[in-house]
$ cat work-v7.csv   # CSV, C-alpha atoms and all ligand atoms
chain,number,residue,atom,x,y,z
W,823,MET,CA,0.0,0.0,0.0
W,824,LYS,CA,1.3,3.4,-1.0
W,825,VAL,CA,1.4,5.9,1.9
W,826,PRO,CA,2.2,9.6,1.1
W,827,LEU,CA,3.6,11.9,3.7
W,828,LEU,CA,0.8,14.3,3.1
W,829,ASP,CA,-2.4,14.2,1.0
W,830,LEU,CA,-4.4,17.4,0.9
W,831,ARG,CA,-7.3,15.8,-1.0
W,832,PRO,CA,-9.4,14.4,1.9
W,833,THR,CA,-9.7,17.8,3.6
W,834,LEU,CA,-10.1,19.5,0.2
W,835,GLU,CA,-13.0,17.2,-0.8
W,836,GLU,CA,-14.9,18.1,2.4
W,837,LEU,CA,-14.9,21.8,1.5
W,838,ARG,CA,-14.2,22.0,-2.2
W,839,ASP,CA,-17.5,23.6,-3.2
W,840,GLU,CA,-17.4,26.1,-0.4
W,841,ILE,CA,-13.8,27.1,-1.3
W,842,VAL,CA,-14.6,27.5,-5.0
W,843,ASP,CA,-17.7,29.6,-4.2
W,844,ALA,CA,-15.7,31.8,-1.9
W,845,VAL,CA,-12.8,32.3,-4.4
W,846,THR,CA,-15.4,33.0,-7.1
W,847,LYS,CA,-16.9,35.7,-5.0
W,848,VAL,CA,-13.5,37.4,-4.6
W,849,VAL,CA,-12.8,37.0,-8.3
W,850,ASP,CA,-16.2,38.6,-9.2
W,851,SER,CA,-15.7,41.4,-6.7
W,852,THR,CA,-12.7,42.7,-8.6
W,853,ARG,CA,-11.2,43.7,-5.2
W,854,TYR,CA,-7.9,41.9,-5.2
W,855,ILE,CA,-5.8,43.9,-2.7
W,856,MET,CA,-6.8,44.1,1.0
W,857,GLY,CA,-10.5,44.6,1.7
W,858,PRO,CA,-13.2,42.8,3.8
W,859,GLU,CA,-11.7,39.3,3.5
W,860,ILE,CA,-8.5,40.4,5.1
W,861,ASP,CA,-10.3,42.3,7.9
W,862,GLY,CA,-12.6,39.3,8.5
W,863,LEU,CA,-9.8,36.8,8.7
W,864,GLU,CA,-7.8,39.1,11.0
W,865,LYS,CA,-10.7,39.3,13.5
W,866,GLU,CA,-11.4,35.5,13.3
W,867,ILE,CA,-7.7,34.5,13.8
W,868,SER,CA,-7.4,36.9,16.8
W,869,VAL,CA,-10.4,35.3,18.4
W,870,TYR,CA,-9.1,31.8,17.6
W,871,CYS,CA,-5.7,32.6,19.1
W,872,GLY,CA,-6.9,34.8,22.0
W,873,THR,CA,-5.2,38.0,21.0
W,874,LYS,CA,-6.4,41.6,20.6
W,875,ASP,CA,-5.5,41.8,17.0
W,876,ALA,CA,-4.0,40.0,14.0
W,877,VAL,CA,-2.3,41.3,10.8
W,878,GLY,CA,-2.5,39.2,7.6
W,879,VAL,CA,0.8,39.0,5.7
W,880,SER,CA,2.3,37.3,2.7
W,881,SER,CA,3.8,34.2,4.3
W,882,GLY,CA,5.0,32.8,7.6
W,883,THR,CA,8.5,33.9,6.8
W,884,ASP,CA,7.4,37.5,6.2
W,885,ALA,CA,5.4,37.3,9.5
W,886,LEU,CA,8.7,36.8,11.3
W,887,LEU,CA,10.5,39.3,9.1
W,888,LEU,CA,7.9,42.0,9.7
W,889,ALA,CA,7.9,41.4,13.5
W,890,LEU,CA,11.7,41.9,13.5
W,891,MET,CA,11.3,45.0,11.4
W,892,VAL,CA,8.8,46.4,13.9
W,893,LEU,CA,11.4,45.9,16.6
W,894,ASP,CA,13.8,47.7,14.4
W,895,VAL,CA,16.3,44.8,14.3
W,896,GLY,CA,19.3,45.6,12.1
W,897,PRO,CA,23.1,45.5,11.8
W,898,GLY,CA,24.9,44.8,15.0
W,899,ASP,CA,21.8,43.4,16.7
W,900,LEU,CA,21.5,39.8,18.0
W,901,VAL,CA,18.5,37.6,18.0
W,902,LEU,CA,18.4,34.4,20.1
W,903,THR,CA,16.6,31.4,18.6
W,904,SER,CA,16.4,27.6,18.5
W,905,ASN,CA,19.2,25.9,16.6
W,906,PHE,CA,16.7,23.3,15.2
W,907,SER,CA,13.9,24.6,13.0
W,908,PHE,CA,12.9,25.4,9.5
W,909,PHE,CA,15.4,27.7,7.9
W,910,ALA,CA,13.1,30.8,7.9
W,911,THR,CA,13.4,31.2,11.7
W,912,ALA,CA,17.1,32.1,11.4
W,913,GLY,CA,17.1,33.3,7.8
W,914,VAL,CA,14.9,36.4,8.6
W,915,VAL,CA,17.4,37.5,11.2
W,916,ALA,CA,20.3,37.3,8.8
W,917,ARG,CA,18.3,39.0,6.1
W,918,LEU,CA,18.1,42.1,8.2
W,919,ASN,CA,21.9,42.0,8.7
W,920,ALA,CA,21.5,41.1,12.3
W,921,THR,CA,23.1,38.0,13.8
W,922,PRO,CA,21.3,34.9,14.9
W,923,VAL,CA,22.6,33.4,18.2
W,924,PHE,CA,21.7,29.8,18.4
W,925,VAL,CA,20.5,27.9,21.5
W,926,ASP,CA,20.3,24.2,21.9
W,927,ILE,CA,17.0,22.3,22.3
W,928,ASP,CA,15.3,20.2,24.9
W,929,PRO,CA,15.8,16.5,24.0
W,930,ASP,CA,12.1,15.5,24.6
W,931,SER,CA,10.2,18.4,23.0
W,932,PHE,CA,12.8,19.4,20.4
W,933,ASN,CA,12.0,23.0,21.4
W,934,ILE,CA,14.4,25.6,22.6
W,935,ASP,CA,15.9,24.7,26.0
W,936,PRO,CA,15.2,27.5,28.5
W,937,GLU,CA,18.2,26.6,30.6
W,938,SER,CA,20.5,27.0,27.6
W,939,LEU,CA,18.8,30.2,26.7
W,940,ARG,CA,19.4,31.6,30.2
W,941,LYS,CA,23.0,30.4,30.1
W,942,THR,CA,23.6,32.1,26.7
W,943,LEU,CA,22.3,35.4,28.1
W,944,THR,CA,24.1,35.2,31.4
W,945,GLU,CA,27.4,34.4,29.8
W,946,MET,CA,27.3,37.5,27.6
W,947,ASP,CA,29.0,40.6,28.9
W,948,ALA,CA,26.6,43.5,29.5
W,949,GLU,CA,27.5,45.3,26.3
W,950,THR,CA,26.8,42.3,24.2
W,951,ARG,CA,23.6,41.5,26.0
W,952,LYS,CA,22.3,45.0,25.2
W,953,ARG,CA,22.5,44.1,21.5
W,954,VAL,CA,20.0,41.2,22.0
W,955,LYS,CA,16.7,42.5,20.4
W,956,ALA,CA,14.5,39.5,20.4
W,957,ILE,CA,14.1,35.8,21.4
W,958,ILE,CA,12.3,33.6,18.8
W,959,PRO,CA,11.1,30.3,20.3
W,960,VAL,CA,9.7,27.9,17.8
W,961,HIS,CA,6.7,25.6,18.6
W,962,LEU,CA,8.2,22.8,16.6
W,963,TYR,CA,6.0,20.1,15.1
W,964,GLY,CA,2.9,21.5,16.7
W,965,GLN,CA,3.8,21.7,20.4
W,966,CYS,CA,4.4,24.9,22.4
W,967,ALA,CA,7.9,25.6,23.6
W,968,ASP,CA,8.3,26.0,27.4
W,969,MET,CA,6.8,29.4,27.4
W,970,ALA,CA,6.4,29.9,31.1
W,971,ALA,CA,10.2,29.6,31.5
W,972,ILE,CA,10.9,31.6,28.3
W,973,LEU,CA,8.6,34.5,29.4
W,974,ALA,CA,10.3,34.6,32.8
W,975,ILE,CA,13.6,35.0,31.0
W,976,SER,CA,12.1,37.6,28.6
W,977,LYS,CA,10.8,39.6,31.6
W,978,GLU,CA,14.1,39.4,33.6
W,979,PHE,CA,16.3,40.5,30.7
W,980,GLU,CA,13.6,42.8,29.1
W,981,ILE,CA,13.8,41.2,25.7
W,982,PRO,CA,10.7,40.8,23.5
W,983,VAL,CA,9.5,37.4,22.4
W,984,ILE,CA,8.5,36.5,18.8
W,985,GLU,CA,6.8,33.1,18.7
W,986,ASP,CA,7.4,31.1,15.6
W,987,GLY,CA,4.0,29.3,15.6
W,988,ALA,CA,4.1,28.3,11.9
W,989,GLN,CA,3.6,24.7,12.8
W,990,ALA,CA,1.4,25.2,15.8
W,991,ILE,CA,-1.7,27.3,15.2
W,992,GLY,CA,-4.2,26.4,17.9
W,993,ALA,CA,-1.6,24.5,20.1
W,994,GLU,CA,-2.2,25.2,23.8
W,995,CYS,CA,-0.1,25.3,26.9
W,996,GLU,CA,-0.8,26.0,30.5
W,997,ILE,CA,0.7,29.1,32.1
W,998,ASP,CA,-0.1,29.9,35.8
W,999,GLY,CA,-2.9,27.3,35.6
W,1000,LYS,CA,-4.5,29.0,32.7
W,1001,LYS,CA,-5.0,27.6,29.2
W,1002,ARG,CA,-3.3,29.7,26.6
W,1003,SER,CA,-2.9,29.5,22.8
W,1004,ALA,CA,0.3,29.7,20.7
W,1005,GLY,CA,0.7,33.2,19.4
W,1006,SER,CA,-0.9,34.8,22.5
W,1007,LEU,CA,2.1,34.3,24.8
W,1008,GLY,CA,4.9,36.4,23.4
W,1009,ASP,CA,4.9,39.9,22.0
W,1010,PHE,CA,4.3,38.7,18.4
W,1011,GLY,CA,2.8,35.4,17.2
W,1012,CYS,CA,3.8,34.4,13.7
W,1013,PHE,CA,1.8,31.9,11.6
W,1014,SER,CA,2.0,30.4,8.1
W,1015,PHE,CA,-0.8,29.3,5.8
W,1016,PHE,CA,1.6,27.3,3.6
W,1017,PRO,CA,-0.4,24.4,2.3
W,1018,SER,CA,1.3,21.7,4.5
W,1019,LYS,CA,0.5,23.5,7.7
W,1020,ASN,CA,-2.6,22.5,9.7
W,1021,LEU,CA,-4.4,25.6,8.4
W,1022,GLY,CA,-3.2,26.0,4.8
W,1023,CYS,CA,-4.3,28.2,1.9
W,1024,LEU,CA,-3.8,27.6,-1.8
W,1025,GLY,CA,-0.4,29.1,-2.0
W,1026,ASP,CA,1.5,31.4,0.4
W,1027,GLY,CA,0.1,33.3,3.2
W,1028,GLY,CA,0.6,34.1,6.9
W,1029,ILE,CA,-0.5,36.2,9.8
W,1030,VAL,CA,0.9,37.9,12.9
W,1031,THR,CA,-1.1,37.8,16.1
W,1032,ILE,CA,-0.5,40.7,18.5
W,1033,ASN,CA,-1.8,42.4,21.7
W,1034,ASN,CA,0.2,45.7,21.6
W,1035,THR,CA,-1.9,48.2,19.5
W,1036,GLU,CA,1.1,50.4,18.7
W,1037,TRP,CA,3.0,47.5,17.3
W,1038,ALA,CA,-0.1,46.3,15.4
W,1039,ASP,CA,-0.3,49.8,13.8
W,1040,LEU,CA,3.4,49.5,12.8
W,1041,LEU,CA,2.9,46.0,11.4
W,1042,ARG,CA,0.1,47.4,9.2
W,1043,LEU,CA,2.2,50.4,8.1
W,1044,LYS,CA,5.2,48.3,7.2
W,1045,ARG,CA,3.0,45.8,5.4
W,1046,VAL,CA,2.4,48.5,2.8
W,1047,HIS,CA,5.7,50.2,2.2
W,1048,GLY,CA,5.4,52.3,5.4
W,1049,GLY,CA,2.8,54.7,4.0
W,1050,GLU,CA,-0.5,55.5,5.5
W,1051,ARG,CA,-1.4,57.8,2.6
W,1052,LYS,CA,-0.6,56.5,-0.8
W,1053,TYR,CA,2.8,57.8,-2.0
W,1054,TYR,CA,3.8,59.4,1.3
W,1055,HIS,CA,6.2,57.2,3.4
W,1056,ARG,CA,6.8,57.6,7.1
W,1057,VAL,CA,9.0,54.5,7.5
W,1058,ILE,CA,10.6,51.8,5.3
W,1059,GLY,CA,8.4,48.7,4.9
W,1060,GLY,CA,7.7,46.4,2.0
W,1061,ASN,CA,5.0,44.6,0.2
W,1062,PHE,CA,3.9,42.0,2.8
W,1063,ARG,CA,0.2,41.9,2.0
W,1064,LEU,CA,-2.0,38.8,2.2
W,1065,ASP,CA,-4.1,38.1,-0.9
W,1066,PRO,CA,-7.9,38.2,-0.4
W,1067,ILE,CA,-8.2,35.0,-2.4
W,1068,GLN,CA,-6.0,33.3,0.2
W,1069,ALA,CA,-7.7,35.0,3.1
W,1070,THR,CA,-11.2,33.8,2.0
W,1071,VAL,CA,-9.9,30.2,1.7
W,1072,VAL,CA,-8.5,30.3,5.2
W,1073,ARG,CA,-11.8,31.7,6.4
W,1074,VAL,CA,-13.7,28.7,4.9
W,1075,LYS,CA,-11.2,26.3,6.6
W,1076,LEU,CA,-10.9,27.9,10.0
W,1077,PRO,CA,-14.2,26.5,11.5
W,1078,HIS,CA,-12.9,23.0,10.6
W,1079,LEU,CA,-9.4,23.4,12.1
W,1080,ASN,CA,-10.1,21.9,15.5
W,1081,ASN,CA,-11.7,18.9,13.9
W,1082,TRP,CA,-8.6,18.4,11.8
W,1083,HIS,CA,-6.4,18.8,14.9
W,1084,LEU,CA,-8.5,16.1,16.5
W,1085,GLN,CA,-8.0,13.7,13.6
W,1086,ARG,CA,-4.3,14.2,13.7
W,1087,GLN,CA,-4.3,13.6,17.5
W,1088,ASN,CA,-6.3,10.4,16.9
W,1089,ASN,CA,-3.8,9.3,14.3
W,1090,ALA,CA,-1.0,10.0,16.7
W,1091,ASP,CA,-2.7,8.1,19.5
W,1092,HIS,CA,-3.2,5.2,17.1
W,1093,TYR,CA,0.5,5.2,16.2
W,1094,ASN,CA,1.4,5.3,19.9
W,1095,LYS,CA,-0.8,2.3,20.6
W,1096,LEU,CA,0.6,0.3,17.6
W,1097,PHE,CA,4.2,1.1,18.7
W,1098,ALA,CA,3.5,0.1,22.3
W,1099,GLU,CA,2.1,-3.2,21.1
W,1100,ALA,CA,5.1,-3.8,18.8
W,1101,ALA,CA,7.4,-3.4,21.8
W,1102,LEU,CA,10.4,-2.3,19.8
W,1103,GLY,CA,12.3,-1.5,23.0
W,1104,GLY,CA,14.7,1.4,22.5
W,1105,LYS,CA,14.7,1.2,18.7
W,1106,ILE,CA,12.2,4.0,18.3
W,1107,ARG,CA,10.8,6.7,20.6
W,1108,ILE,CA,7.3,8.1,20.2
W,1109,PRO,CA,6.7,11.9,20.5
W,1110,PHE,CA,6.8,13.4,24.0
W,1111,VAL,CA,3.7,15.5,24.9
W,1112,GLU,CA,3.7,17.9,27.8
W,1113,HIS,CA,0.4,19.0,29.4
W,1114,SER,CA,-1.4,16.1,27.9
W,1115,GLN,CA,-3.9,15.6,30.7
W,1116,THR,CA,-5.5,19.1,30.9
W,1117,LEU,CA,-5.6,20.6,27.4
W,1118,GLN,CA,-7.6,19.9,24.3
W,1119,ASN,CA,-4.7,20.7,22.0
W,1120,PRO,CA,-1.4,20.1,23.8
W,1121,HIS,CA,0.0,19.0,20.5
W,1122,ILE,CA,-1.6,19.6,17.0
W,1123,TYR,CA,0.8,17.2,15.2
W,1124,ASN,CA,1.7,19.2,12.2
W,1125,GLN,CA,4.3,16.5,12.3
W,1126,TYR,CA,4.4,13.2,14.1
W,1127,VAL,CA,8.1,12.8,14.7
W,1128,ILE,CA,9.7,9.7,16.2
W,1129,ARG,CA,13.4,9.1,17.1
W,1130,ALA,CA,14.7,6.1,15.3
W,1131,GLU,CA,17.9,4.0,15.5
W,1132,ARG,CA,19.6,3.6,12.1
W,1133,ARG,CA,17.2,6.4,10.9
W,1134,ASP,CA,18.5,6.7,7.3
W,1135,GLU,CA,18.4,3.0,6.7
W,1136,LEU,CA,14.9,2.9,8.1
W,1137,GLN,CA,13.8,5.8,5.9
W,1138,SER,CA,15.2,4.0,2.8
W,1139,PHE,CA,13.5,0.8,3.7
W,1140,LEU,CA,10.2,2.6,4.1
W,1141,ALA,CA,10.7,4.4,0.7
W,1142,GLU,CA,11.4,1.0,-1.0
W,1143,ASN,CA,8.0,0.0,0.3
W,1144,GLU,CA,6.2,3.1,-1.0
W,1145,ILE,CA,5.9,4.7,2.5
W,1146,ALA,CA,6.9,8.3,2.6
W,1147,SER,CA,8.6,9.9,5.6
W,1148,GLU,CA,10.8,13.0,6.0
W,1149,VAL,CA,13.6,14.4,8.1
W,1150,TYR,CA,12.8,17.7,9.8
W,1151,TYR,CA,15.6,18.8,9.9
W,1152,PRO,CA,18.8,17.0,8.8
W,1153,LEU,CA,21.2,19.9,9.7
W,1154,PRO,CA,21.0,22.3,12.7
W,1155,PHE,CA,21.5,26.0,11.9
W,1156,HIS,CA,25.1,26.3,13.3
W,1157,LEU,CA,26.3,23.8,10.7
W,1158,GLN,CA,24.5,25.3,7.7
W,1159,GLU,CA,26.9,26.5,5.1
W,1160,CYS,CA,25.5,30.1,5.1
W,1161,PHE,CA,26.1,30.3,8.9
W,1162,LEU,CA,29.5,28.7,9.1
W,1163,HIS,CA,31.1,32.2,9.2
W,1164,LEU,CA,29.5,32.6,12.7
W,1165,GLY,CA,32.0,30.0,13.9
W,1166,GLY,CA,29.7,27.0,14.6
W,1167,LYS,CA,31.3,23.6,14.6
W,1168,GLU,CA,30.3,20.0,15.3
W,1169,GLY,CA,29.9,19.4,19.0
W,1170,ASP,CA,28.7,22.9,19.8
W,1171,PHE,CA,25.0,21.9,20.2
W,1172,PRO,CA,25.0,18.2,21.0
W,1173,VAL,CA,21.3,17.8,21.6
W,1174,SER,CA,20.2,19.2,18.2
W,1175,GLU,CA,23.0,17.4,16.4
W,1176,VAL,CA,21.8,14.0,17.8
W,1177,ALA,CA,18.2,15.0,17.0
W,1178,ALA,CA,19.2,15.8,13.4
W,1179,ASN,CA,20.5,12.2,13.1
W,1180,GLU,CA,17.5,10.5,14.7
W,1181,VAL,CA,14.2,12.3,13.9
W,1182,LEU,CA,11.8,10.9,11.3
W,1183,ALA,CA,8.3,12.4,10.5
W,1184,LEU,CA,5.6,9.8,9.6
W,1185,PRO,CA,2.4,10.5,7.8
W,1186,VAL,CA,-0.2,11.9,10.2
W,1187,TYR,CA,-2.5,13.9,8.0
W,1188,PRO,CA,-6.3,14.1,8.4
W,1189,GLY,CA,-8.1,11.5,6.2
W,1190,MET,CA,-5.3,8.9,6.1
W,1191,THR,CA,-6.7,5.5,6.8
W,1192,VAL,CA,-6.3,3.0,9.7
W,1193,GLU,CA,-4.7,0.6,7.2
W,1194,MET,CA,-2.1,3.1,6.2
W,1195,ARG,CA,-1.0,3.6,9.8
W,1196,GLU,CA,-0.9,-0.1,10.3
W,1197,THR,CA,1.2,-0.6,7.2
W,1198,VAL,CA,3.6,2.1,8.4
W,1199,VAL,CA,4.1,0.5,11.8
W,1200,GLU,CA,4.3,-3.1,10.3
W,1201,HIS,CA,7.1,-2.0,8.0
W,1202,ILE,CA,9.0,-0.3,10.8
W,1203,VAL,CA,8.7,-3.5,12.9
W,1204,GLN,CA,9.8,-5.6,9.9
W,1205,PHE,CA,12.8,-3.4,9.5
W,1206,TYR,CA,14.0,-3.8,13.0
W,1207,GLN,CA,13.3,-7.6,13.0
W,1208,SER,CA,15.3,-8.2,9.9
D,1,LIG,C1,6.7,26.9,7.5
D,1,LIG,C2,7.5,27.5,8.5
D,1,LIG,C3,7.9,28.8,8.4
D,1,LIG,C4,7.7,29.7,7.2
D,1,LIG,O1,6.5,29.8,6.7
D,1,LIG,P1,6.2,30.1,5.1
D,1,LIG,O2,4.8,30.5,5.1
D,1,LIG,O3,6.6,28.9,4.4
D,1,LIG,O4,7.1,31.3,4.8
D,1,LIG,C5,8.6,29.4,9.5
D,1,LIG,N1,8.9,28.7,10.6
D,1,LIG,C6,8.6,27.4,10.7
D,1,LIG,C7,9.0,26.7,11.9
D,1,LIG,C8,7.9,26.8,9.7
D,1,LIG,O5,7.6,25.5,9.8
$ encode --input "work-v7.csv" --output "structure tokens"
Amino acid sequence: MKVPLLDLRPTLEELRDEIVDAVTKVVDSTRYIMGPEIDGLEKEISVYCGTKDAVGVSSGTDALLLALMVLDVGPGDLVLTSNFSFFATAGVVARLNATPVFVDIDPDSFNIDPESLRKTLTEMDAETRKRVKAIIPVHLYGQCADMAAILAISKEFEIPVIEDGAQAIGAECEIDGKKRSAGSLGDFGCFSFFPSKNLGCLGDGGIVTINNTEWADLLRLKRVHGGERKYYHRVIGGNFRLDPIQATVVRVKLPHLNNWHLQRQNNADHYNKLFAEAALGGKIRIPFVEHSQTLQNPHIYNQYVIRAERRDELQSFLAENEIASEVYYPLPFHLQECFLHLGGKEGDFPVSEVAANEVLALPVYPGMTVEMRETVVEHIVQFYQS
């Protein structure tokens, strides 16, 4: 049986007519830039994430870039971030001619390790520490980073937090006994509507969630070349607008998002059960989930990522049997060619280096069948028994 890593058809089929109708409406309106679809989506996402406001943008990458631009991050500045994420998280920092400072991850959650974050800051001299303009924790694979600890550090050192929630829209965590959503915890919440995310559009799109009204205004200003009035520019911005066609698609999908999260969670539970029954010992490790008792969405499983012994051999074996899987991510930031000039070398960030050699994402998308998951696990068992 062929098992793809991701198939968008099952969720598309649920809503295809509604999506086509909504897109047709935008086409017929002849309003193709900004307008009511953007305003509507911004309201709905801010309600969904529990923030005062949200600002639609052109992609998840641009959401991060714009947040950094609002904080006026530039040459000479430092931004602390996880060493183990999709490239955009660190790329946006470098694009503004600032320097990313990498921090190792927690071995269970794969998210930035607050202890290492604190250590990085305390080991800086006062002058260097003054140059740190932001911390970007990533909610990797769909689970929130340890935001209670990160927010305490942010407060102590007075450094703003930009959440990279691209993989985690709707993920929840508990802070001071209260349920909170990704994107409502830091100063900015950055999300992506790339088609492979849990809430995807028909191309590129993204949004920034925000509570601070001054920064929300600046986000809106910089989204359109920094001009409130056409052709008069107060600050430098860019073209970071979200298309109304994409916004209307996201609006059709949003009411179904929690149901899709639930399907992914059920798929993950099923994998966990099958792996427990298979009793592979230490050969693989299922995803670790924090807060699993109290929250509805402690993990939204944008990816279901196991750790596997002889990972590359396992992945090849699965591929030979038409089962797709993926390595997110094979090389931590400090070893990426474009960052080697920062002086990173092997051994600097041991936890992310080991993770890069062990992680493997298995298909977990809504609409995949029971038989598919059984096939995946059967083949993994077969691999380790041969
Ligand atoms: C997808 C992703 C992004 C970038 O989003 P785009 O919409 O593709 O630009 C940023 N960070 C993480 C962690 C992502 O997974």
$ residues_around --input "work-v7.csv" --residues "His1083 in chain W" --least-positions-apart "2" --cutoff "10 Å" --atoms "all atoms listed in the file" --output "list in words"
Gly964, Ile991, Gly992, Ala993, Asn1020, Leu1021, His1078, Leu1079, Asn1080, Asn1081, Gln1085, Arg1086, Gln1087, Asn1088, Asn1089, Gln1118, Asn1119, His1121, Ile1122, Tyr1123, Asn1124, Tyr1187 and Pro1188 of chain W
$ write_last_selection --input "work-v7.csv" --atoms "C-alpha atoms" --output "PDB file, in the coordinates of the input"
ATOM      1  CA  GLY W 964       2.900  21.500  16.700  1.00  0.00           C
ATOM      2  CA  ILE W 991      -1.700  27.300  15.200  1.00  0.00           C
ATOM      3  CA  GLY W 992      -4.200  26.400  17.900  1.00  0.00           C
ATOM      4  CA  ALA W 993      -1.600  24.500  20.100  1.00  0.00           C
ATOM      5  CA  ASN W1020      -2.600  22.500   9.700  1.00  0.00           C
ATOM      6  CA  LEU W1021      -4.400  25.600   8.400  1.00  0.00           C
ATOM      7  CA  HIS W1078     -12.900  23.000  10.600  1.00  0.00           C
ATOM      8  CA  LEU W1079      -9.400  23.400  12.100  1.00  0.00           C
ATOM      9  CA  ASN W1080     -10.100  21.900  15.500  1.00  0.00           C
ATOM     10  CA  ASN W1081     -11.700  18.900  13.900  1.00  0.00           C
ATOM     11  CA  GLN W1085      -8.000  13.700  13.600  1.00  0.00           C
ATOM     12  CA  ARG W1086      -4.300  14.200  13.700  1.00  0.00           C
ATOM     13  CA  GLN W1087      -4.300  13.600  17.500  1.00  0.00           C
ATOM     14  CA  ASN W1088      -6.300  10.400  16.900  1.00  0.00           C
ATOM     15  CA  ASN W1089      -3.800   9.300  14.300  1.00  0.00           C
ATOM     16  CA  GLN W1118      -7.600  19.900  24.300  1.00  0.00           C
ATOM     17  CA  ASN W1119      -4.700  20.700  22.000  1.00  0.00           C
ATOM     18  CA  HIS W1121       0.000  19.000  20.500  1.00  0.00           C
ATOM     19  CA  ILE W1122      -1.600  19.600  17.000  1.00  0.00           C
ATOM     20  CA  TYR W1123       0.800  17.200  15.200  1.00  0.00           C
ATOM     21  CA  ASN W1124       1.700  19.200  12.200  1.00  0.00           C
ATOM     22  CA  TYR W1187      -2.500  13.900   8.000  1.00  0.00           C
ATOM     23  CA  PRO W1188      -6.300  14.100   8.400  1.00  0.00           C
TER      24      PRO W1188
END
$ closest_residue --input "work-v7.csv" --among "W:His961, W:His1113, W:Lys1000, W:Arg1063" --to "ligand LIG 1 (chain D)" --atoms "all atoms listed in the file"
W:His961
$ axis_aligned_box --input "work-v7.csv" --around "range 1135-1141 of chain W" --padding-each-side "3 Å" --output "JSON"
{"center_x": 14.3, "center_y": 3.3, "center_z": 4.4, "size_x": 14.2, "size_y": 11.0, "size_z": 13.4}
$ residues_near_ligand --input "work-v7.csv" --ligand "ligand LIG 1 (chain D)" --cutoff "8 Å" --atoms "all atoms listed in the file" --output "compact mmCIF listing (two decimals) with C-alpha atoms, in the frame of the given file"
# COMPACT_ATOMS: atom_id res chain seq x y z
CA SER W 880 2.30 37.30 2.70
CA SER W 881 3.80 34.20 4.30
CA GLY W 882 5.00 32.80 7.60
CA THR W 883 8.50 33.90 6.80
CA ASP W 884 7.40 37.50 6.20
CA ALA W 885 5.40 37.30 9.50
CA LEU W 886 8.70 36.80 11.30
CA SER W 907 13.90 24.60 13.00
CA PHE W 908 12.90 25.40 9.50
CA PHE W 909 15.40 27.70 7.90
CA ALA W 910 13.10 30.80 7.90
CA THR W 911 13.40 31.20 11.70
CA VAL W 960 9.70 27.90 17.80
CA HIS W 961 6.70 25.60 18.60
CA LEU W 962 8.20 22.80 16.60
CA TYR W 963 6.00 20.10 15.10
CA ASP W 986 7.40 31.10 15.60
CA GLY W 987 4.00 29.30 15.60
CA ALA W 988 4.10 28.30 11.90
CA GLN W 989 3.60 24.70 12.80
CA PHE W 1013 1.80 31.90 11.60
CA SER W 1014 2.00 30.40 8.10
CA PHE W 1015 -0.80 29.30 5.80
CA PHE W 1016 1.60 27.30 3.60
CA LYS W 1019 0.50 23.50 7.70
CA ASP W 1026 1.50 31.40 0.40
CA GLY W 1027 0.10 33.30 3.20
CA GLY W 1028 0.60 34.10 6.90
$ residues_around --input "work-v7.csv" --residues "Pro832 in chain W" --least-positions-apart "3" --cutoff "10 Å" --atoms "all atoms listed in the file" --output "PyMOL selection string"
chain W and resi 829+835-838+1187-1190
$ atom_distance --input "work-v7.csv" --atom1 "CA of Leu1117 in chain W" --atom2 "CA of Glu994 in chain W"
6.8 Å
$ atom_distance --input "work-v7.csv" --atom1 "CA of Asp930 in chain W" --atom2 "CA of Phe1110 in chain W"
5.7 Å
$ closest_residue --input "work-v7.csv" --among "W:Lys952, W:Lys1044, W:Lys941, W:His1055" --to "Gly878 in chain W" --atoms "only C-alpha atoms"
W:Lys1044
$ closest_residue --input "work-v7.csv" --among "W:Thr873, W:Ser1147, W:Thr852, W:Thr1035" --to "Ser1003 in chain W" --atoms "all atoms listed in the file"
W:Thr873
$ atom_distance --input "work-v7.csv" --atom1 "CA of Cys1012 in chain W" --atom2 "CA of Val879 in chain W"
9.7 Å
$ closest_residue --input "work-v7.csv" --among "W:Pro1152, W:Asn919, W:Leu1024, W:Ala1183" --to "Val901 in chain W" --atoms "all atoms listed in the file"
W:Asn919
$ closest_residue --input "work-v7.csv" --among "W:Ser1006, W:Thr1197, W:Thr921, W:Gln1125" --to "Ile1108 in chain W" --atoms "all atoms listed in the file"
W:Gln1125
$ closest_residue --input "work-v7.csv" --among "W:Ile927, W:Val954, W:Ala948, W:Leu1184" --to "Val915 in chain W" --atoms "only C-alpha atoms"
W:Val954
